[in-house]
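**Student:** Supplied in structure tokens, the structure appears directly below.
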Amino acid sequence: MTEVLDNVSKTCLEALHNARNSLKFVGEEGRASVPSTKDEPVTKSDLEISKILRRYFLHSSLNAVYCSEEAGQINHVSNPDYFIYWDEIDGTFNFQRGGILPSSVVISVFNANDPLKFRDVFFAGVLDLSSGNLWYAESGKGCFFNGSKTKSFGKTTLGKNIYTVIDHGPCPKQGSNADVEKFLEVYRSTWAHNISSAGVHLAGVASGNFDVAILPIQKAHELGAGYLLVRESGRYIADFSGNSLDDQIFNFNNIYQIIAADTKELGQLLLDKIKK
């Protein structure tokens with residue numbers, strides 16, 4: 001079984017690099033917007049990466065169902081071994097503005113089960129399109145950032161030395177003051193930022209670049225990968241009620257409320273402030 005998992009992981013790591021390399025052929029023109037029904041930007045590069053990954057995986061030997069943010073479910077398999085999900089460009093807004101802030105390709109692989117749960121994810125990969133920073137994890141084998149295994153720093157207290165990411169999404173909706181105000185105590189207790197790339201938010205906690213990530217409207221597109229990266233790094237990830245994601249249903253079309261932190265103690269301190 002281990003040999004099969006290694007083969008799947010290697011296939012997905014190659015897919016991440018193929019996606020980034022494809023941007024060289026599109027060039028700066030790839031940052032241009034294309035018509036879309038989505039309430040957020042879509043670029044030529046989103047579509048190019050979607051095409052590259054679709055072609056790559058469909059020509060692989062994996063017995064898998066594939067699903068992406070741009071294309072939705074791509075194929076149908078009667079008895080798949082795996083479900084493979086990806087987000088072509090997580091942080092398209094950053095990418096479109098020239099790539100000063102990070103944007104990434106995100107891939108997660110689940111063992112096929114019904115229903116699919118977060119604990120079924122066994123591979124996660126996040127590749128920063130600008131810098132080439134690479135995070136990946138295999139279930140039971142740890143999380144790696146640029147080739148080095150990550151681990152918790154053991155932070156348990158609040159203060160200006162705690163780097164917190166709070167991702168509110170593109171714009172708070174009308175009448176949503178309460179949704180923003182509940183984070184006021186977090187802003188007063190930590191040094192808060194927003195990188196606008198959920199995959200990097202969670203991967204950054206996994207590698208210790210960020211201490212906390214608070215994601216009140218998190219799409220599943222990046223969460224499967226982020227969940228495994230954070231868990232395999234020995235850090236903490238839960239929903240806003242403090243519940244583990246392990247046995248929660250993974251639904252690619254759902255929105256989740258998530259907190260990730262360097263330690264459970266730190267995460268619970270922040271959850272207490274959100275609940276006030």
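Ligands are numbered from 1 in the order shown, residues from 1 within each chain, and chains are lettered A, B, ... in the order they appear in the structure tokens.
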Do you know which residues are at most 9 Å from Val212 in chain A counting only C-alpha atoms, after dropping those on the same chain fewer than 4 positions away, and could you put them as a PDB file with N, CA, C and O atoms, in the first residue's frame?
**Tutor:**
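Result file follows (result39.pdb):
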ATOM      1  N   ILE A 162       2.710  37.208  17.941  1.00  0.00           N
ATOM      2  CA  ILE A 162       1.887  36.165  17.327  1.00  0.00           C
ATOM      3  C   ILE A 162       1.373  36.684  15.994  1.00  0.00           C
ATOM      4  O   ILE A 162       0.586  37.624  15.935  1.00  0.00           O
ATOM      5  N   TYR A 163       1.849  36.070  14.921  1.00  0.00           N
ATOM      6  CA  TYR A 163       1.492  36.476  13.556  1.00  0.00           C
ATOM      7  C   TYR A 163       0.202  35.758  13.175  1.00  0.00           C
ATOM      8  O   TYR A 163       0.181  34.549  12.988  1.00  0.00           O
ATOM      9  N   THR A 164      -0.885  36.531  13.084  1.00  0.00           N
ATOM     10  CA  THR A 164      -2.201  35.972  12.797  1.00  0.00           C
ATOM     11  C   THR A 164      -2.676  36.413  11.420  1.00  0.00           C
ATOM     12  O   THR A 164      -2.539  37.575  11.060  1.00  0.00           O
ATOM     13  N   VAL A 165      -3.225  35.479  10.676  1.00  0.00           N
ATOM     14  CA  VAL A 165      -3.867  35.781   9.401  1.00  0.00           C
ATOM     15  C   VAL A 165      -5.369  35.650   9.591  1.00  0.00           C
ATOM     16  O   VAL A 165      -5.845  34.627  10.090  1.00  0.00           O
ATOM     17  N   ILE A 166      -6.121  36.699   9.230  1.00  0.00           N
ATOM     18  CA  ILE A 166      -7.578  36.651   9.264  1.00  0.00           C
ATOM     19  C   ILE A 166      -8.081  36.896   7.844  1.00  0.00           C
ATOM     20  O   ILE A 166      -7.913  37.980   7.296  1.00  0.00           O
ATOM     21  N   HIS A 201      -2.266  30.603   3.541  1.00  0.00           N
ATOM     22  CA  HIS A 201      -2.583  30.841   4.949  1.00  0.00           C
ATOM     23  C   HIS A 201      -2.378  29.570   5.767  1.00  0.00           C
ATOM     24  O   HIS A 201      -1.673  29.573   6.786  1.00  0.00           O
ATOM     25  N   LEU A 202      -2.990  28.480   5.339  1.00  0.00           N
ATOM     26  CA  LEU A 202      -2.901  27.237   6.093  1.00  0.00           C
ATOM     27  C   LEU A 202      -1.521  26.599   5.978  1.00  0.00           C
ATOM     28  O   LEU A 202      -0.982  26.088   6.958  1.00  0.00           O
ATOM     29  N   GLY A 204       1.189  28.217   5.569  1.00  0.00           N
ATOM     30  CA  GLY A 204       2.081  29.060   6.375  1.00  0.00           C
ATOM     31  C   GLY A 204       2.030  28.718   7.845  1.00  0.00           C
ATOM     32  O   GLY A 204       3.045  28.788   8.544  1.00  0.00           O
ATOM     33  N   VAL A 205       0.853  28.343   8.347  1.00  0.00           N
ATOM     34  CA  VAL A 205       0.766  27.873   9.734  1.00  0.00           C
ATOM     35  C   VAL A 205       1.519  26.552   9.872  1.00  0.00           C
ATOM     36  O   VAL A 205       2.256  26.339  10.838  1.00  0.00           O
ATOM     37  N   ILE A 259     -10.124  27.508  12.234  1.00  0.00           N
ATOM     38  CA  ILE A 259      -8.974  28.138  12.863  1.00  0.00           C
ATOM     39  C   ILE A 259      -7.832  27.128  12.876  1.00  0.00           C
ATOM     40  O   ILE A 259      -8.037  25.942  13.154  1.00  0.00           O
ATOM     41  N   ALA A 260      -6.646  27.593  12.517  1.00  0.00           N
ATOM     42  CA  ALA A 260      -5.432  26.784  12.595  1.00  0.00           C
ATOM     43  C   ALA A 260      -4.425  27.551  13.438  1.00  0.00           C
ATOM     44  O   ALA A 260      -4.356  28.781  13.362  1.00  0.00           O
ATOM     45  N   ALA A 261      -3.663  26.835  14.250  1.00  0.00           N
ATOM     46  CA  ALA A 261      -2.736  27.505  15.165  1.00  0.00           C
ATOM     47  C   ALA A 261      -1.538  26.615  15.452  1.00  0.00           C
ATOM     48  O   ALA A 261      -1.578  25.402  15.242  1.00  0.00           O
ATOM     49  N   ASP A 262      -0.490  27.244  15.976  1.00  0.00           N
ATOM     50  CA  ASP A 262       0.737  26.515  16.271  1.00  0.00           C
ATOM     51  C   ASP A 262       0.507  25.420  17.306  1.00  0.00           C
ATOM     52  O   ASP A 262       1.100  24.348  17.217  1.00  0.00           O
ATOM     53  N   LEU A 266      -2.981  27.668  21.947  1.00  0.00           N
ATOM     54  CA  LEU A 266      -3.065  28.965  21.276  1.00  0.00           C
ATOM     55  C   LEU A 266      -4.363  29.078  20.488  1.00  0.00           C
ATOM     56  O   LEU A 266      -5.043  30.114  20.521  1.00  0.00           O
ATOM     57  N   GLY A 267      -4.734  28.005  19.799  1.00  0.00           N
ATOM     58  CA  GLY A 267      -5.964  28.026  19.032  1.00  0.00           C
ATOM     59  C   GLY A 267      -7.180  28.244  19.907  1.00  0.00           C
ATOM     60  O   GLY A 267      -8.083  29.019  19.561  1.00  0.00           O
ATOM     61  N   LEU A 270      -7.655  31.858  20.998  1.00  0.00           N
ATOM     62  CA  LEU A 270      -8.237  32.683  19.941  1.00  0.00           C
ATOM     63  C   LEU A 270      -9.714  32.368  19.741  1.00  0.00           C
ATOM     64  O   LEU A 270     -10.536  33.266  19.509  1.00  0.00           O
TER      65      LEU A 270
END
**Student:** Give me every strand (DSSP E) residue in range 74-269 of chain A, going by DSSP on the backbone, as JSON, numbers by chain.
**Tutor:** {"A": [82, 83, 84, 85, 86, 87, 88, 89, 90, 104, 105, 106, 107, 108, 109, 110, 111, 121, 122, 123, 124, 125, 126, 127, 128, 134, 135, 136, 137, 138, 142, 143, 144, 145, 148, 149, 159, 160, 161, 162, 163, 164, 165, 166, 190, 191, 192, 193, 212, 213, 214, 215, 216, 217, 218, 219, 236, 237, 238, 239, 255, 256, 257, 258, 259, 260, 261]}
**Student:** Taking only C-alpha atoms into account, which of A:His17, A:Arg55, A:Lys264, A:Arg235 comes nearest Val106 in chain A?
**Tutor:**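 The closest residue to Val106 in chain A is A:His17.
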**Student:** Determine, counting only C-alpha atoms, which protein, DNA and RNA residues have an atom within 9 Å of an atom of range 114-119 of chain A; residues of the same chain fewer than 3 positions away are not included. Present the result as a list of chain:residue names.
**Tutor:**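 After dropping sequence-adjacent residues, the list is A:Phe110, A:Asn111, A:Phe122, A:Leu223, A:Gly224, A:Tyr227, A:Leu228, A:Leu245, A:Asp246, A:Asp247, A:Gln248, A:Ile249, A:Phe250, A:Asn251.
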**Student:** Could you save those same residues with C-alpha atoms as a PDB file, in the first residue's frame?
**Tutor:**
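Result saved to part_32.pdb:
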ATOM      1  CA  PHE A 110      -8.390  11.445  -0.695  1.00  0.00           C
ATOM      2  CA  ASN A 111      -8.826   7.703  -0.384  1.00  0.00           C
ATOM      3  CA  PHE A 122      -3.496  11.348   2.467  1.00  0.00           C
ATOM      4  CA  LEU A 223      -9.088  23.099   3.046  1.00  0.00           C
ATOM      5  CA  GLY A 224      -8.444  19.435   2.295  1.00  0.00           C
ATOM      6  CA  TYR A 227      -6.000  20.319   6.942  1.00  0.00           C
ATOM      7  CA  LEU A 228      -3.398  17.638   6.213  1.00  0.00           C
ATOM      8  CA  LEU A 245     -12.252  18.083  11.232  1.00  0.00           C
ATOM      9  CA  ASP A 246     -11.240  14.408  11.174  1.00  0.00           C
ATOM     10  CA  ASP A 247     -14.739  12.927  10.976  1.00  0.00           C
ATOM     11  CA  GLN A 248     -16.471  15.874   9.356  1.00  0.00           C
ATOM     12  CA  ILE A 249     -17.825  15.356   5.836  1.00  0.00           C
ATOM     13  CA  PHE A 250     -15.677  16.803   3.058  1.00  0.00           C
ATOM     14  CA  ASN A 251     -17.924  18.495   0.519  1.00  0.00           C
TER      15      ASN A 251
END
**Student:** With only C-alpha atoms as the atoms that count, which of A:Ala198, A:Leu16, A:Leu184, A:Val105 lies nearest to Lys275 in chain A?
**Tutor:**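 With only C-alpha atoms as the atom set, the closest residue is A:Leu184.
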**Student:** Could you name the residues that touch Ile89 in chain A at 9 Å or less, counting only C-alpha atoms, but leaving out those on the same chain fewer than 3 positions away, as a PyMOL selection string?
**Tutor:** chain A and resi 42+45-46+49+69+86+92+95+103-106+129
**Student:** Could you tell me how far CA of Gly234 in chain A lies from CA of Thr263 in chain A, in Å and to one decimal?
**Tutor:** 8.0 Å
**Student:** What lies within 10 Å of Ser139 in chain A using only C-alpha atoms, ignoring chain neighbours under 5 positions off, as a ChimeraX atom specification?
**Tutor:** /A:5,119-124,228-229,231-232
**Student:** What separation in Å, quoted to one decimal, exists between CA of Val180 in chain A and CA of Ser196 in chain A?
**Tutor:**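 Answer for the CA of Val180 in chain A to CA of Ser196 in chain A separation: 16.0 Å.
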**Student:** Kindly give the distance, in Å, that separates CA of Ala220 in chain A and CA of Phe145 in chain A, rounded to a single decimal.
**Tutor:** 21.8 Å
**Student:** I need the residues in range 25-231 of chain A that are helix (DSSP H, G or I) according to DSSP; give them as a PyMOL selection string.
**Tutor:** chain A and resi 25-31+44-58+92-96+118-120+177-181+184-189+198-207+220-231
**Student:** Which residue out of A:Ala213, A:Ala225, A:Val77, A:Val8 has the minimum interatomic distance to Ser61 in chain A when only C-alpha atoms are used?
**Tutor:** A:Val8
**Student:** Give me the residues within 10 Å of Ser148 in chain A as JSON, numbers by chain, counting only C-alpha atoms and dropping any in the same chain fewer than 4 places off.
**Tutor:** {"A": [135, 143, 144, 207]}
**Student:** My list of candidates is A:Ser68, A:Asn243, A:Asn79, A:Gln268. Which is closest to Ser108 in chain A when distances are computed with only C-alpha atoms?
**Tutor:**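 Comparing A:Ser68, A:Asn243, A:Asn79, A:Gln268 against Ser108 in chain A, the winner is A:Ser68.
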**Student:** From the list A:Ile84, A:Leu158, A:Ala137, A:Ala71, which residue is nearest Ala203 in chain A when using only C-alpha atoms?
**Tutor:**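 Closest to Ala203 in chain A, using only C-alpha atoms: A:Ala137.
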**Student:** Which of these residues is nearest to Leu47 in chain A, using only C-alpha atoms: A:Ser60, A:Ser33, A:Ser244, A:Ser78?
**Tutor:**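 Looking only at the distances to Leu47 in chain A, the closest residue turns out to be A:Ser33.
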**Student:** Show which residues sit within 12 Å of Lys51 in chain A, as a VMD selection string. Count only C-alpha atoms, and ignore same-chain residues fewer than 5 positions away.
**Tutor:** chain A and resid 15 18 to 19 22 to 23 44 to 46 56 to 58 68 70 to 71 74 88
**Student:** Write to file, as a compact mmCIF listing (two decimals), in the first residue's frame, the residues of the selection just made, with N, CA, C and O atoms.
**Tutor:**
# COMPACT_ATOMS: atom_id res chain seq x y z
N ALA A 15 2.61 17.22 -10.96
CA ALA A 15 1.50 18.03 -11.46
C ALA A 15 1.62 19.47 -10.99
O ALA A 15 1.39 20.42 -11.76
N ASN A 18 4.31 21.09 -13.04
CA ASN A 18 3.82 21.28 -14.41
C ASN A 18 2.93 22.52 -14.49
O ASN A 18 2.98 23.29 -15.46
N ALA A 19 2.08 22.69 -13.48
CA ALA A 19 1.18 23.84 -13.46
C ALA A 19 1.97 25.15 -13.42
O ALA A 19 1.68 26.09 -14.17
N SER A 22 3.76 25.90 -16.69
CA SER A 22 2.89 26.29 -17.80
C SER A 22 2.74 27.81 -17.88
O SER A 22 2.42 28.34 -18.95
N LEU A 23 2.96 28.50 -16.78
CA LEU A 23 2.82 29.97 -16.78
C LEU A 23 3.87 30.64 -17.66
O LEU A 23 3.65 31.75 -18.16
N LYS A 44 -6.53 34.20 -17.68
CA LYS A 44 -6.13 33.24 -18.71
C LYS A 44 -5.26 32.14 -18.11
O LYS A 44 -5.32 30.98 -18.54
N SER A 45 -4.46 32.48 -17.11
CA SER A 45 -3.60 31.48 -16.48
C SER A 45 -4.40 30.46 -15.69
O SER A 45 -4.02 29.28 -15.63
N ASP A 46 -5.50 30.90 -15.05
CA ASP A 46 -6.38 29.93 -14.38
C ASP A 46 -6.82 28.86 -15.36
O ASP A 46 -6.78 27.65 -15.07
N TYR A 56 -2.98 16.24 -17.82
CA TYR A 56 -1.95 15.46 -17.12
C TYR A 56 -2.58 14.31 -16.34
O TYR A 56 -2.16 13.15 -16.45
N PHE A 57 -3.59 14.62 -15.54
CA PHE A 57 -4.17 13.59 -14.69
C PHE A 57 -4.96 12.55 -15.49
O PHE A 57 -4.91 11.36 -15.19
N LEU A 58 -5.68 12.98 -16.51
CA LEU A 58 -6.45 12.03 -17.30
C LEU A 58 -5.56 11.06 -18.07
O LEU A 58 -5.99 9.96 -18.42
N SER A 68 -11.93 20.19 -9.99
CA SER A 68 -11.18 21.42 -9.82
C SER A 68 -12.10 22.61 -9.61
O SER A 68 -13.30 22.54 -9.93
N GLU A 70 -12.14 25.49 -11.23
CA GLU A 70 -12.60 26.08 -12.49
C GLU A 70 -13.48 25.13 -13.30
O GLU A 70 -14.42 25.56 -13.96
N ALA A 71 -13.16 23.85 -13.28
CA ALA A 71 -13.85 22.90 -14.16
C ALA A 71 -14.94 22.09 -13.48
O ALA A 71 -15.75 21.45 -14.16
N ILE A 74 -14.54 16.50 -13.33
CA ILE A 74 -14.02 16.36 -14.69
C ILE A 74 -14.37 15.01 -15.31
O ILE A 74 -14.59 14.92 -16.52
N GLU A 88 -6.75 25.75 -9.27
CA GLU A 88 -5.75 26.14 -10.28
C GLU A 88 -4.87 27.30 -9.81
O GLU A 88 -3.65 27.22 -9.87
